[in-house]
file my_file_11.cif (mmCIF, C-alpha atoms and all ligand atoms)
data_input
loop_
_atom_site.label_atom_id
_atom_site.label_comp_id
_atom_site.auth_asym_id
_atom_site.auth_seq_id
_atom_site.Cartn_x
_atom_site.Cartn_y
_atom_site.Cartn_z
CA ALA A 28 23.83 -128.93 -64.05
CA THR A 29 23.69 -125.57 -65.75
CA ARG A 30 24.00 -125.43 -69.49
CA PRO A 31 26.07 -122.82 -71.28
CA ARG A 32 24.07 -119.85 -72.50
CA ALA A 33 23.45 -118.98 -76.13
CA LEU A 34 22.03 -115.66 -77.32
CA SER A 35 21.23 -114.28 -80.72
CA GLY A 36 18.98 -111.71 -82.33
CA ILE A 37 17.54 -111.23 -85.77
CA GLN A 38 16.03 -108.16 -87.41
CA PRO A 39 12.40 -108.09 -88.47
CA THR A 40 13.02 -105.49 -91.16
CA ALA A 41 12.48 -107.35 -94.40
CA GLY A 42 9.35 -109.36 -93.56
CA SER A 43 10.55 -112.68 -94.90
CA PHE A 44 13.83 -114.18 -93.77
CA HIS A 45 16.16 -115.18 -96.58
CA LEU A 46 18.12 -118.36 -97.16
CA GLY A 47 21.34 -116.77 -95.82
CA ASN A 48 19.63 -115.95 -92.53
CA TYR A 49 18.26 -119.46 -92.29
CA LEU A 50 21.42 -121.43 -93.15
CA GLY A 51 23.88 -119.01 -91.53
CA ALA A 52 22.01 -118.31 -88.30
CA ILE A 53 18.54 -119.75 -87.67
CA ARG A 54 19.53 -123.39 -88.19
CA GLN A 55 22.17 -122.92 -85.51
CA TYR A 56 19.57 -121.38 -83.18
CA VAL A 57 17.50 -124.53 -83.55
CA ALA A 58 20.47 -126.84 -82.92
CA LEU A 59 21.70 -124.94 -79.86
CA GLN A 60 18.33 -125.28 -78.11
CA GLU A 61 19.34 -128.86 -77.38
CA THR A 62 22.68 -128.12 -75.75
CA HIS A 63 22.36 -124.57 -74.42
CA ASP A 64 20.16 -122.40 -72.28
CA ALA A 65 19.22 -120.42 -75.35
CA PHE A 66 17.75 -116.91 -75.67
CA TYR A 67 16.61 -115.65 -79.08
CA MET A 68 15.03 -112.33 -79.84
CA VAL A 69 13.55 -110.32 -82.63
CA VAL A 70 15.54 -107.09 -82.50
CA ASP A 71 12.94 -104.43 -83.20
CA LEU A 72 15.08 -101.72 -81.55
CA HIS A 73 17.71 -102.41 -84.17
CA ALA A 74 15.09 -102.17 -86.89
CA ILE A 75 14.42 -98.48 -86.14
CA THR A 76 18.01 -97.52 -86.98
CA ILE A 77 16.74 -97.08 -90.53
CA PRO A 78 13.42 -95.36 -91.46
CA GLN A 79 10.40 -97.59 -90.84
CA GLU A 80 6.60 -97.55 -91.15
CA PRO A 81 5.13 -98.21 -87.69
CA ALA A 82 2.45 -100.61 -88.94
CA ASP A 83 4.98 -102.53 -91.04
CA LEU A 84 7.41 -102.82 -88.16
CA ARG A 85 4.70 -104.14 -85.86
CA ALA A 86 3.54 -106.71 -88.43
CA ASN A 87 7.06 -107.74 -89.39
CA THR A 88 8.09 -108.24 -85.78
CA ARG A 89 5.27 -110.76 -85.31
CA LEU A 90 6.05 -112.30 -88.67
CA ALA A 91 9.69 -112.74 -87.64
CA ALA A 92 8.66 -114.51 -84.43
CA ALA A 93 6.25 -116.75 -86.37
CA GLN A 94 9.03 -117.69 -88.80
CA LEU A 95 11.44 -118.52 -85.99
CA LEU A 96 8.85 -120.86 -84.51
CA ALA A 97 8.14 -122.33 -87.94
CA ALA A 98 11.88 -122.94 -88.39
CA GLY A 99 11.89 -125.09 -85.26
CA LEU A 100 12.39 -122.88 -82.21
CA ASP A 101 10.47 -124.49 -79.40
CA PRO A 102 9.33 -122.27 -76.51
CA GLN A 103 9.72 -125.30 -74.22
CA ARG A 104 13.39 -125.50 -75.14
CA CYS A 105 14.42 -121.86 -75.54
CA THR A 106 13.37 -118.36 -74.59
CA LEU A 107 11.96 -116.41 -77.54
CA PHE A 108 11.09 -112.75 -77.08
CA ILE A 109 10.91 -109.29 -78.62
CA GLN A 110 13.83 -107.01 -77.75
CA SER A 111 11.74 -103.91 -76.95
CA HIS A 112 9.71 -105.90 -74.40
CA VAL A 113 12.82 -105.98 -72.23
CA PRO A 114 13.78 -102.35 -71.41
CA GLU A 115 17.13 -103.39 -69.95
CA HIS A 116 18.55 -103.61 -73.50
CA ALA A 117 18.35 -99.85 -73.97
CA GLN A 118 19.55 -99.24 -70.42
CA LEU A 119 22.69 -101.36 -70.66
CA GLY A 120 23.14 -100.07 -74.22
CA TRP A 121 23.67 -96.57 -72.83
CA VAL A 122 26.26 -97.83 -70.37
CA MET A 123 28.10 -99.57 -73.20
CA ASN A 124 27.95 -96.40 -75.35
CA CYS A 125 29.85 -94.66 -72.57
CA LEU A 126 32.57 -97.33 -72.57
CA THR A 127 33.13 -97.38 -76.34
CA GLY A 128 35.66 -95.17 -78.05
CA PHE A 129 34.39 -93.07 -80.94
CA GLY A 130 37.24 -94.34 -83.11
CA GLU A 131 36.51 -97.90 -82.06
CA ALA A 132 32.87 -97.56 -83.12
CA SER A 133 33.97 -95.90 -86.37
CA ARG A 134 35.85 -99.04 -87.36
CA MET A 135 32.69 -101.18 -87.65
CA THR A 136 32.55 -102.13 -91.31
CA GLN A 137 28.83 -102.89 -91.33
CA PHE A 138 28.09 -99.25 -90.46
CA LYS A 139 30.24 -98.12 -93.36
CA ASP A 140 28.28 -100.37 -95.75
CA LYS A 141 24.86 -99.53 -94.38
CA SER A 142 25.44 -95.79 -94.10
CA ALA A 143 26.80 -95.72 -97.63
CA ARG A 144 23.50 -97.26 -98.78
CA GLN A 145 21.48 -94.72 -96.77
CA GLY A 146 23.47 -91.76 -98.04
CA ALA A 147 26.03 -90.48 -95.54
CA ASP A 148 23.91 -87.50 -94.44
CA ARG A 149 20.81 -89.60 -93.80
CA ALA A 150 22.43 -92.24 -91.58
CA THR A 151 21.35 -91.83 -87.95
CA VAL A 152 23.42 -91.89 -84.79
CA GLY A 153 21.36 -94.99 -83.91
CA LEU A 154 22.73 -96.78 -86.96
CA PHE A 155 26.22 -95.78 -85.84
CA THR A 156 25.81 -97.09 -82.29
CA TYR A 157 23.80 -100.19 -83.29
CA PRO A 158 26.74 -102.56 -82.65
CA ILE A 159 26.97 -101.18 -79.11
CA LEU A 160 23.32 -101.97 -78.44
CA GLN A 161 24.14 -105.43 -79.75
CA VAL A 162 26.91 -105.65 -77.17
CA ALA A 163 24.34 -104.99 -74.45
CA ASP A 164 21.96 -107.55 -76.01
CA ILE A 165 24.58 -110.25 -75.58
CA LEU A 166 26.09 -109.27 -72.22
CA LEU A 167 22.72 -108.95 -70.46
CA TYR A 168 22.26 -112.72 -70.76
CA GLN A 169 25.83 -113.63 -69.77
CA ALA A 170 25.96 -115.52 -73.06
CA ASP A 171 28.81 -117.95 -73.69
CA SER A 172 27.98 -118.49 -77.34
CA VAL A 173 26.55 -116.23 -80.05
CA PRO A 174 25.34 -118.05 -83.19
CA VAL A 175 25.74 -115.68 -86.17
CA GLY A 176 26.94 -115.51 -89.76
CA GLU A 177 30.40 -114.32 -90.69
CA ASP A 178 29.25 -110.70 -91.20
CA GLN A 179 28.61 -110.43 -87.44
CA ARG A 180 32.06 -111.59 -86.30
CA GLN A 181 33.35 -108.04 -85.81
CA HIS A 182 30.41 -107.16 -83.57
CA VAL A 183 31.01 -110.19 -81.36
CA GLU A 184 34.68 -109.15 -81.14
CA LEU A 185 33.56 -105.70 -79.98
CA THR A 186 31.37 -107.42 -77.39
CA ARG A 187 34.34 -109.37 -76.08
CA ASP A 188 36.46 -106.21 -75.89
CA LEU A 189 33.81 -104.28 -73.99
CA ALA A 190 33.06 -107.14 -71.60
CA GLU A 191 36.76 -107.38 -70.77
CA ARG A 192 37.08 -103.60 -70.42
CA PHE A 193 34.13 -103.43 -68.04
CA ASN A 194 35.37 -106.40 -66.01
CA THR A 195 38.85 -104.90 -65.70
CA ARG A 196 37.64 -101.45 -64.69
CA PHE A 197 34.77 -102.38 -62.39
CA GLY A 198 35.26 -105.99 -61.37
CA SER A 199 34.19 -109.25 -62.94
CA THR A 200 30.60 -108.79 -64.12
CA PHE A 201 30.12 -110.12 -67.64
CA THR A 202 30.78 -113.44 -69.33
CA VAL A 203 33.07 -112.92 -72.33
CA PRO A 204 31.19 -114.57 -75.20
CA LYS A 205 32.45 -116.44 -78.24
CA PRO A 206 30.93 -116.29 -81.72
CA HIS A 207 29.41 -119.58 -82.88
CA ILE A 208 30.04 -119.46 -86.62
CA VAL A 209 29.61 -122.62 -88.69
CA LYS A 210 32.27 -122.20 -91.35
CA GLU A 211 30.51 -124.05 -94.18
CA VAL A 212 27.40 -121.85 -94.06
CA ALA A 213 28.82 -118.66 -92.54
CA LYS A 214 28.41 -116.85 -95.84
CA ILE A 215 25.75 -117.79 -98.35
CA TYR A 216 26.16 -115.87 -101.58
CA ASP A 217 23.81 -114.07 -103.92
CA LEU A 218 22.54 -116.47 -106.62
CA GLN A 219 23.17 -113.96 -109.41
CA ASP A 220 26.37 -112.44 -108.07
CA PRO A 221 28.33 -114.94 -105.97
CA SER A 222 30.93 -112.27 -105.18
CA ILE A 223 28.50 -110.68 -102.69
CA LYS A 224 26.65 -112.22 -99.75
CA MET A 225 22.95 -112.90 -99.97
CA SER A 226 21.40 -109.97 -98.11
CA LYS A 227 18.04 -108.29 -97.84
CA SER A 228 19.55 -104.91 -98.61
CA ALA A 229 22.39 -105.59 -101.04
CA SER A 230 21.26 -108.61 -103.08
CA THR A 231 19.95 -108.52 -106.60
CA PRO A 232 16.19 -109.34 -106.67
CA LYS A 233 16.78 -112.61 -108.54
CA GLY A 234 19.75 -113.49 -106.35
CA LEU A 235 17.85 -113.31 -103.05
CA VAL A 236 15.83 -116.33 -101.90
CA ASN A 237 13.16 -115.25 -99.44
CA LEU A 238 11.72 -118.14 -97.49
CA LEU A 239 8.16 -116.82 -97.76
CA ASP A 240 8.22 -116.23 -101.50
CA ASP A 241 6.01 -118.31 -103.75
CA PRO A 242 7.80 -121.70 -103.98
CA LYS A 243 7.46 -121.66 -107.78
CA ALA A 244 9.28 -118.34 -107.96
CA THR A 245 11.96 -119.73 -105.66
CA ALA A 246 12.41 -122.81 -107.86
CA LYS A 247 12.82 -120.49 -110.84
CA LYS A 248 15.48 -118.43 -109.06
CA ILE A 249 17.45 -121.57 -108.27
CA LYS A 250 17.22 -122.78 -111.85
CA SER A 251 18.46 -119.45 -113.17
CA ALA A 252 21.34 -119.12 -110.67
CA VAL A 253 24.61 -118.15 -112.32
CA THR A 254 27.26 -120.82 -112.60
CA ASP A 255 30.47 -120.78 -114.60
CA THR A 256 31.24 -121.76 -118.16
CA GLY A 257 32.55 -125.21 -117.24
CA THR A 258 30.41 -128.28 -116.77
CA GLU A 259 32.02 -130.15 -113.90
CA ILE A 260 30.16 -130.19 -110.56
CA ARG A 261 32.94 -129.70 -108.08
CA PHE A 262 33.26 -127.59 -104.93
CA ASP A 263 35.83 -124.86 -105.53
CA ALA A 264 34.89 -121.57 -103.92
CA GLU A 265 37.63 -119.67 -105.78
CA ALA A 266 37.25 -120.96 -109.31
CA LYS A 267 33.58 -121.99 -109.19
CA PRO A 268 31.84 -119.69 -106.70
CA GLY A 269 28.34 -120.09 -108.18
CA ILE A 270 28.22 -123.88 -108.24
CA SER A 271 30.01 -124.06 -104.88
CA ASN A 272 27.32 -121.85 -103.32
CA LEU A 273 24.61 -124.14 -104.73
CA LEU A 274 26.46 -127.20 -103.39
CA THR A 275 26.65 -125.62 -99.93
CA ILE A 276 22.94 -124.86 -99.94
CA PHE A 277 22.02 -128.30 -101.27
CA SER A 278 24.28 -130.11 -98.83
CA THR A 279 22.98 -128.25 -95.79
CA LEU A 280 19.31 -128.43 -96.72
CA THR A 281 19.36 -132.17 -97.40
CA GLY A 282 22.08 -133.29 -94.98
CA THR A 283 24.13 -134.82 -97.82
CA GLY A 284 27.90 -134.35 -97.84
CA ILE A 285 29.44 -132.22 -100.58
CA ALA A 286 31.63 -135.15 -101.71
CA ASP A 287 28.51 -137.33 -102.05
CA LEU A 288 26.85 -134.66 -104.15
CA GLU A 289 29.92 -134.32 -106.36
CA GLN A 290 29.81 -138.06 -106.91
CA ARG A 291 26.06 -138.16 -107.54
CA TYR A 292 26.33 -135.49 -110.25
CA GLU A 293 29.50 -136.75 -111.87
CA GLY A 294 29.12 -136.50 -115.64
CA LYS A 295 25.76 -134.70 -115.29
CA GLY A 296 25.32 -131.03 -116.08
CA TYR A 297 24.56 -128.08 -113.84
CA GLY A 298 20.94 -128.26 -114.97
CA ALA A 299 20.38 -131.61 -113.26
CA LEU A 300 21.72 -130.32 -109.96
CA LYS A 301 19.63 -127.16 -110.17
CA VAL A 302 16.43 -129.11 -110.86
CA ASP A 303 17.04 -131.30 -107.79
CA LEU A 304 18.03 -128.38 -105.59
CA ALA A 305 14.94 -126.45 -106.69
CA GLU A 306 12.85 -129.45 -105.63
CA ALA A 307 14.63 -129.67 -102.26
CA MET A 308 13.99 -125.96 -101.72
CA VAL A 309 10.30 -126.34 -102.54
CA ASP A 310 10.11 -129.27 -100.11
CA PHE A 311 11.62 -127.07 -97.44
CA VAL A 312 9.77 -123.79 -97.95
CA THR A 313 6.29 -125.24 -98.52
CA PRO A 314 5.77 -126.56 -94.95
CA PHE A 315 7.78 -123.61 -93.58
CA ARG A 316 5.31 -121.19 -95.14
CA SER A 317 2.27 -123.02 -93.85
CA ARG A 318 3.68 -123.33 -90.31
CA THR A 319 4.43 -119.60 -90.32
CA GLN A 320 0.85 -118.91 -91.41
CA GLU A 321 -0.52 -121.12 -88.63
CA TYR A 322 1.25 -119.00 -86.01
CA LEU A 323 -0.02 -115.80 -87.62
CA ASP A 324 -3.55 -117.19 -87.66
CA ASP A 325 -3.39 -117.84 -83.93
CA PRO A 326 -2.39 -114.47 -82.43
CA GLU A 327 -3.29 -115.51 -78.89
CA THR A 328 -0.80 -118.36 -78.88
CA LEU A 329 1.89 -116.19 -80.46
CA ASP A 330 1.27 -113.38 -77.93
CA SER A 331 1.44 -115.74 -75.00
CA ILE A 332 4.69 -117.33 -76.21
CA LEU A 333 6.22 -113.87 -76.58
CA ALA A 334 4.89 -112.62 -73.23
CA GLU A 335 6.28 -115.65 -71.45
CA GLY A 336 9.58 -115.25 -73.27
CA ALA A 337 9.85 -111.58 -72.28
CA GLU A 338 9.17 -112.43 -68.66
CA LYS A 339 11.89 -115.10 -68.60
CA ALA A 340 14.31 -112.80 -70.40
CA ARG A 341 13.62 -109.89 -68.04
CA THR A 342 14.42 -111.94 -64.97
CA VAL A 343 17.92 -112.58 -66.30
CA ALA A 344 18.41 -109.13 -67.84
CA ALA A 345 17.28 -107.23 -64.73
CA GLU A 346 19.71 -109.12 -62.52
CA THR A 347 22.65 -108.39 -64.82
CA LEU A 348 21.70 -104.73 -65.23
CA ALA A 349 21.35 -104.21 -61.46
CA GLN A 350 24.79 -105.66 -60.93
CA ALA A 351 26.32 -103.52 -63.69
CA TYR A 352 24.69 -100.33 -62.37
CA ASP A 353 25.93 -101.11 -58.90
CA ARG A 354 29.48 -101.68 -60.09
CA ILE A 355 29.68 -98.35 -61.92
CA GLY A 356 28.16 -96.30 -59.10
CA LEU A 357 24.62 -95.83 -60.38
P1 LIG B 401 20.98 -109.16 -93.53
O1 LIG B 401 22.46 -109.44 -93.48
O2 LIG B 401 20.30 -109.69 -94.74
O3 LIG B 401 20.72 -107.69 -93.28
P2 LIG B 401 20.54 -109.72 -90.72
O4 LIG B 401 21.58 -108.68 -90.50
O5 LIG B 401 19.21 -109.52 -90.08
O6 LIG B 401 20.34 -109.94 -92.29
O7 LIG B 401 21.15 -111.11 -90.31
C1 LIG B 401 20.56 -112.01 -89.40
C2 LIG B 401 21.50 -113.18 -89.20
O8 LIG B 401 21.70 -113.87 -90.44
C3 LIG B 401 22.90 -112.76 -88.73
O9 LIG B 401 23.38 -113.72 -87.79
C4 LIG B 401 23.71 -112.80 -89.98
O10 LIG B 401 25.08 -113.03 -89.71
C5 LIG B 401 23.09 -113.97 -90.73
N1 LIG B 401 23.25 -113.81 -92.17
C6 LIG B 401 22.76 -112.80 -92.93
N2 LIG B 401 23.08 -112.96 -94.23
C7 LIG B 401 23.80 -114.12 -94.30
C8 LIG B 401 24.40 -114.84 -95.39
N3 LIG B 401 24.33 -114.40 -96.63
N4 LIG B 401 25.03 -116.00 -95.10
C9 LIG B 401 25.12 -116.46 -93.82
N5 LIG B 401 24.56 -115.83 -92.75
C10 LIG B 401 23.91 -114.67 -92.99
NA NA B 402 23.73 -109.10 -91.30
#
call {"tool": "encode", "arguments": {"input": "my_file_11.cif", "output": "structure tokens"}}
result
Amino acid sequence: ATRPRALSGIQPTAGSFHLGNYLGAIRQYVALQETHDAFYMVVDLHAITIPQEPADLRANTRLAAAQLLAAGLDPQRCTLFIQSHVPEHAQLGWVMNCLTGFGEASRMTQFKDKSARQGADRATVGLFTYPILQVADILLYQADSVPVGEDQRQHVELTRDLAERFNTRFGSTFTVPKPHIVKEVAKIYDLQDPSIKMSKSASTPKGLVNLLDDPKATAKKIKSAVTDTGTEIRFDAEAKPGISNLLTIFSTLTGTGIADLEQRYEGKGYGALKVDLAEAMVDFVTPFRSRTQEYLDDPETLDSILAEGAEKARTVAAETLAQAYDRIGL
């Protein structure tokens, strides 16, 4: 019996993953290991779309892999690898570039946001075509399901369009994937400005919870999260975005339903909820940090996991690429 395939990638850029990455994406990676033939990669080729220090990129790529393992990815249950170890990504990426309309690529909203932050003249062509490399990332593994946060939905839609276009023009070659987006956690918000998503590049420093930060600092950020002027602890994303974001985080981290939390804190103030959430966060990040460190302290084990992952990934990727090349006359 063959399981459906899952594929996702995560950037190593920031060093530490943040709580949005964890709740929106990484938790789903861990869950899908059990039901899917799952491939997860650290997308270092995507990381060079913005200026990088070579030594930092190298260190952060390993750190990203260590954090994914610490979060619960199990090399016995999934394939974990580094994108640049599998050259087929760049090769199929070029093919996909040649199938994408310039106008179509120009409609990607994430490019607009990211290039605006870079300064329009500094943004590279690589940053512009990044979603198209992502298309190749997904299609190489014939993925059925792509676990991501809401901000990636448009890129998965582009992937579906290009898979269908290729299949129509050249014959059935690629699986048309679906995004796997868990609604409740698809968008975790900045703790200081709940009108924007938590993000390594756009968040306020106090609104961004990095998993590898000092747990005491993290507890402090939670306790100083903005709420509203009311007192009632009730989930209402429109009227009470700050407290609703905290309820989402609390509920997901502890596996307690939102309604149960509302009941537990009935008649108590925001302060009580924040104190308990801060404690739950500390309970989560403390072992996460030490597990991450254990992988970093054992480079041989980490290297061998990643080498084995790359070999497994290449077997699949090479087969798909050969078929695609053949279909288009290469
Ligand atoms: P960032 O958005 O901070 O630049 P990435 O682009 O590397 O982070 O995102 C990695 C994964 O985490 C993607 O699947 C993305 O959709 C998800 N993700 C990022 N930020 C959030 C968030 N605030 N809430 C939910 N998921 C998120
Ligand atoms: Na993102």
call {"tool": "residues_around", "arguments": {"input": "my_file_11.cif", "residues": "region 292-307 of chain A", "least_positions_apart": "2", "cutoff": "6 Å", "atoms": "only C-alpha atoms", "output": "PDB file with C-alpha atoms, in the frame of the given file"}}
result
ATOM      1  CA  ALA A 246      12.410-122.810-107.860  1.00  0.00           C
ATOM      2  CA  ILE A 249      17.450-121.570-108.270  1.00  0.00           C
ATOM      3  CA  LYS A 250      17.220-122.780-111.850  1.00  0.00           C
ATOM      4  CA  THR A 258      30.410-128.280-116.770  1.00  0.00           C
ATOM      5  CA  PHE A 277      22.020-128.300-101.270  1.00  0.00           C
ATOM      6  CA  GLU A 289      29.920-134.320-106.360  1.00  0.00           C
ATOM      7  CA  GLN A 290      29.810-138.060-106.910  1.00  0.00           C
ATOM      8  CA  VAL A 309      10.300-126.340-102.540  1.00  0.00           C
ATOM      9  CA  ASP A 310      10.110-129.270-100.110  1.00  0.00           C
TER      10      ASP A 310
END
call {"tool": "closest_atom_pairs", "arguments": {"input": "my_file_11.cif", "of": "chain A", "to": "ligand NA 402 (chain B)", "cutoff": "8 Å", "atoms": "only C-alpha atoms and all ligand atoms", "output": "Markdown table"}}
result
| residue | atom | partner | partner_atom | distance |
| --- | --- | --- | --- | --- |
| A:Gly176 | CA | B:NA402 | NA | 7.3 |
| A:Asp178 | CA | B:NA402 | NA | 5.7 |
| A:Gln179 | CA | B:NA402 | NA | 6.4 |
| A:Ser226 | CA | B:NA402 | NA | 7.2 |
call {"tool": "closest_residue", "arguments": {"input": "my_file_11.cif", "among": "A:Lys214, A:Arg316, A:Arg291, A:Arg261", "to": "Gly51 (chain A)", "atoms": "all atoms listed in the file"}}
result
A:Lys214
call {"tool": "atom_distance", "arguments": {"input": "my_file_11.cif", "atom1": "CA of Glu191 (chain A)", "atom2": "CA of Arg341 (chain A)"}}
result
23.4 Å
call {"tool": "residues_near_ligand", "arguments": {"input": "my_file_11.cif", "ligand": "ligand LIG 401 (chain B)", "cutoff": "7 Å", "atoms": "all atoms listed in the file", "output": "PDB file with C-alpha atoms, in the coordinates of the input"}}
result
ATOM      1  CA  ILE A  37      17.540-111.230 -85.770  1.00  0.00           C
ATOM      2  CA  GLN A  38      16.030-108.160 -87.410  1.00  0.00           C
ATOM      3  CA  GLY A  47      21.340-116.770 -95.820  1.00  0.00           C
ATOM      4  CA  ASN A  48      19.630-115.950 -92.530  1.00  0.00           C
ATOM      5  CA  TYR A  49      18.260-119.460 -92.290  1.00  0.00           C
ATOM      6  CA  LEU A  50      21.420-121.430 -93.150  1.00  0.00           C
ATOM      7  CA  GLY A  51      23.880-119.010 -91.530  1.00  0.00           C
ATOM      8  CA  ALA A  52      22.010-118.310 -88.300  1.00  0.00           C
ATOM      9  CA  PRO A 174      25.340-118.050 -83.190  1.00  0.00           C
ATOM     10  CA  VAL A 175      25.740-115.680 -86.170  1.00  0.00           C
ATOM     11  CA  GLY A 176      26.940-115.510 -89.760  1.00  0.00           C
ATOM     12  CA  GLU A 177      30.400-114.320 -90.690  1.00  0.00           C
ATOM     13  CA  ASP A 178      29.250-110.700 -91.200  1.00  0.00           C
ATOM     14  CA  GLN A 179      28.610-110.430 -87.440  1.00  0.00           C
ATOM     15  CA  VAL A 212      27.400-121.850 -94.060  1.00  0.00           C
ATOM     16  CA  ALA A 213      28.820-118.660 -92.540  1.00  0.00           C
ATOM     17  CA  LYS A 214      28.410-116.850 -95.840  1.00  0.00           C
ATOM     18  CA  ILE A 215      25.750-117.790 -98.350  1.00  0.00           C
ATOM     19  CA  TYR A 216      26.160-115.870-101.580  1.00  0.00           C
ATOM     20  CA  LYS A 224      26.650-112.220 -99.750  1.00  0.00           C
ATOM     21  CA  MET A 225      22.950-112.900 -99.970  1.00  0.00           C
ATOM     22  CA  SER A 226      21.400-109.970 -98.110  1.00  0.00           C
ATOM     23  CA  LYS A 227      18.040-108.290 -97.840  1.00  0.00           C
ATOM     24  CA  SER A 228      19.550-104.910 -98.610  1.00  0.00           C
TER      25      SER A 228
END
call {"tool": "closest_residue", "arguments": {"input": "my_file_11.cif", "among": "A:Pro326, A:Gln350, A:Pro114, A:Pro232", "to": "Phe193 (chain A)", "atoms": "all atoms listed in the file"}}
result
A:Gln350
call {"tool": "atom_distance", "arguments": {"input": "my_file_11.cif", "atom1": "CA of Asp287 (chain A)", "atom2": "CA of Phe262 (chain A)"}}
result
11.2 Å
call {"tool": "closest_atom_pairs", "arguments": {"input": "my_file_11.cif", "of": "region 135-230 of chain A", "to": "region 234-239 of chain A", "cutoff": "6 Å", "atoms": "only C-alpha atoms", "output": "tab-separated table"}}
result
residue	atom	partner	partner_atom	distance
A:Asp217	CA	A:Gly234	CA	4.8
A:Leu218	CA	A:Gly234	CA	4.1
A:Gln219	CA	A:Gly234	CA	4.6
A:Met225	CA	A:Leu235	CA	6.0
A:Ser230	CA	A:Leu235	CA	5.8
call {"tool": "residues_around", "arguments": {"input": "my_file_11.cif", "residues": "Thr342 (chain A)", "least_positions_apart": "3", "cutoff": "12 Å", "atoms": "only C-alpha atoms", "output": "list in words"}}
result
Thr106, Val113, Pro114, Glu115, Leu167, Tyr168, Glu335, Gly336, Ala337, Glu338, Lys339, Ala345, Glu346, Thr347, Leu348 and Ala349 of chain A
call {"tool": "atom_distance", "arguments": {"input": "my_file_11.cif", "atom1": "CA of Asp330 (chain A)", "atom2": "CA of Val173 (chain A)"}}
result
25.5 Å
call {"tool": "residues_around", "arguments": {"input": "my_file_11.cif", "residues": "Thr40 (chain A)", "least_positions_apart": "2", "cutoff": "10 Å", "atoms": "only C-alpha atoms", "output": "list in words"}}
result
Ile37, Gln38, Gly42, Ser43, Phe44, Val69, Val70, Asp71, His73, Ala74, Ile75, Ile77, Gln79, Asp83, Leu84, Arg85, Ala86, Asn87, Thr88, Ala91, Lys227 and Ser228 of chain A
call {"tool": "closest_residue", "arguments": {"input": "my_file_11.cif", "among": "A:Leu96, A:Leu126, A:Ala344, A:Val253", "to": "Leu166 (chain A)", "atoms": "all atoms listed in the file"}}
result
A:Ala344
call {"tool": "closest_residue", "arguments": {"input": "my_file_11.cif", "among": "A:Asp263, A:Asp255, A:Glu61, A:Asp240", "to": "Ser317 (chain A)", "atoms": "only C-alpha atoms"}}
result
A:Asp240
call {"tool": "closest_residue", "arguments": {"input": "my_file_11.cif", "among": "A:Ala41, A:Arg144, A:Pro31, A:Ala244", "to": "Glu80 (chain A)", "atoms": "all atoms listed in the file"}}
result
A:Ala41
call {"tool": "axis_aligned_box", "arguments": {"input": "my_file_11.cif", "around": "region 152-162 of chain A", "padding_each_side": "4 Å", "output": "AutoDock Vina command-line options"}}
result
--center_x 24.2 --center_y -98.8 --center_z -82.1 --size_x 13.6 --size_y 21.8 --size_z 17.8
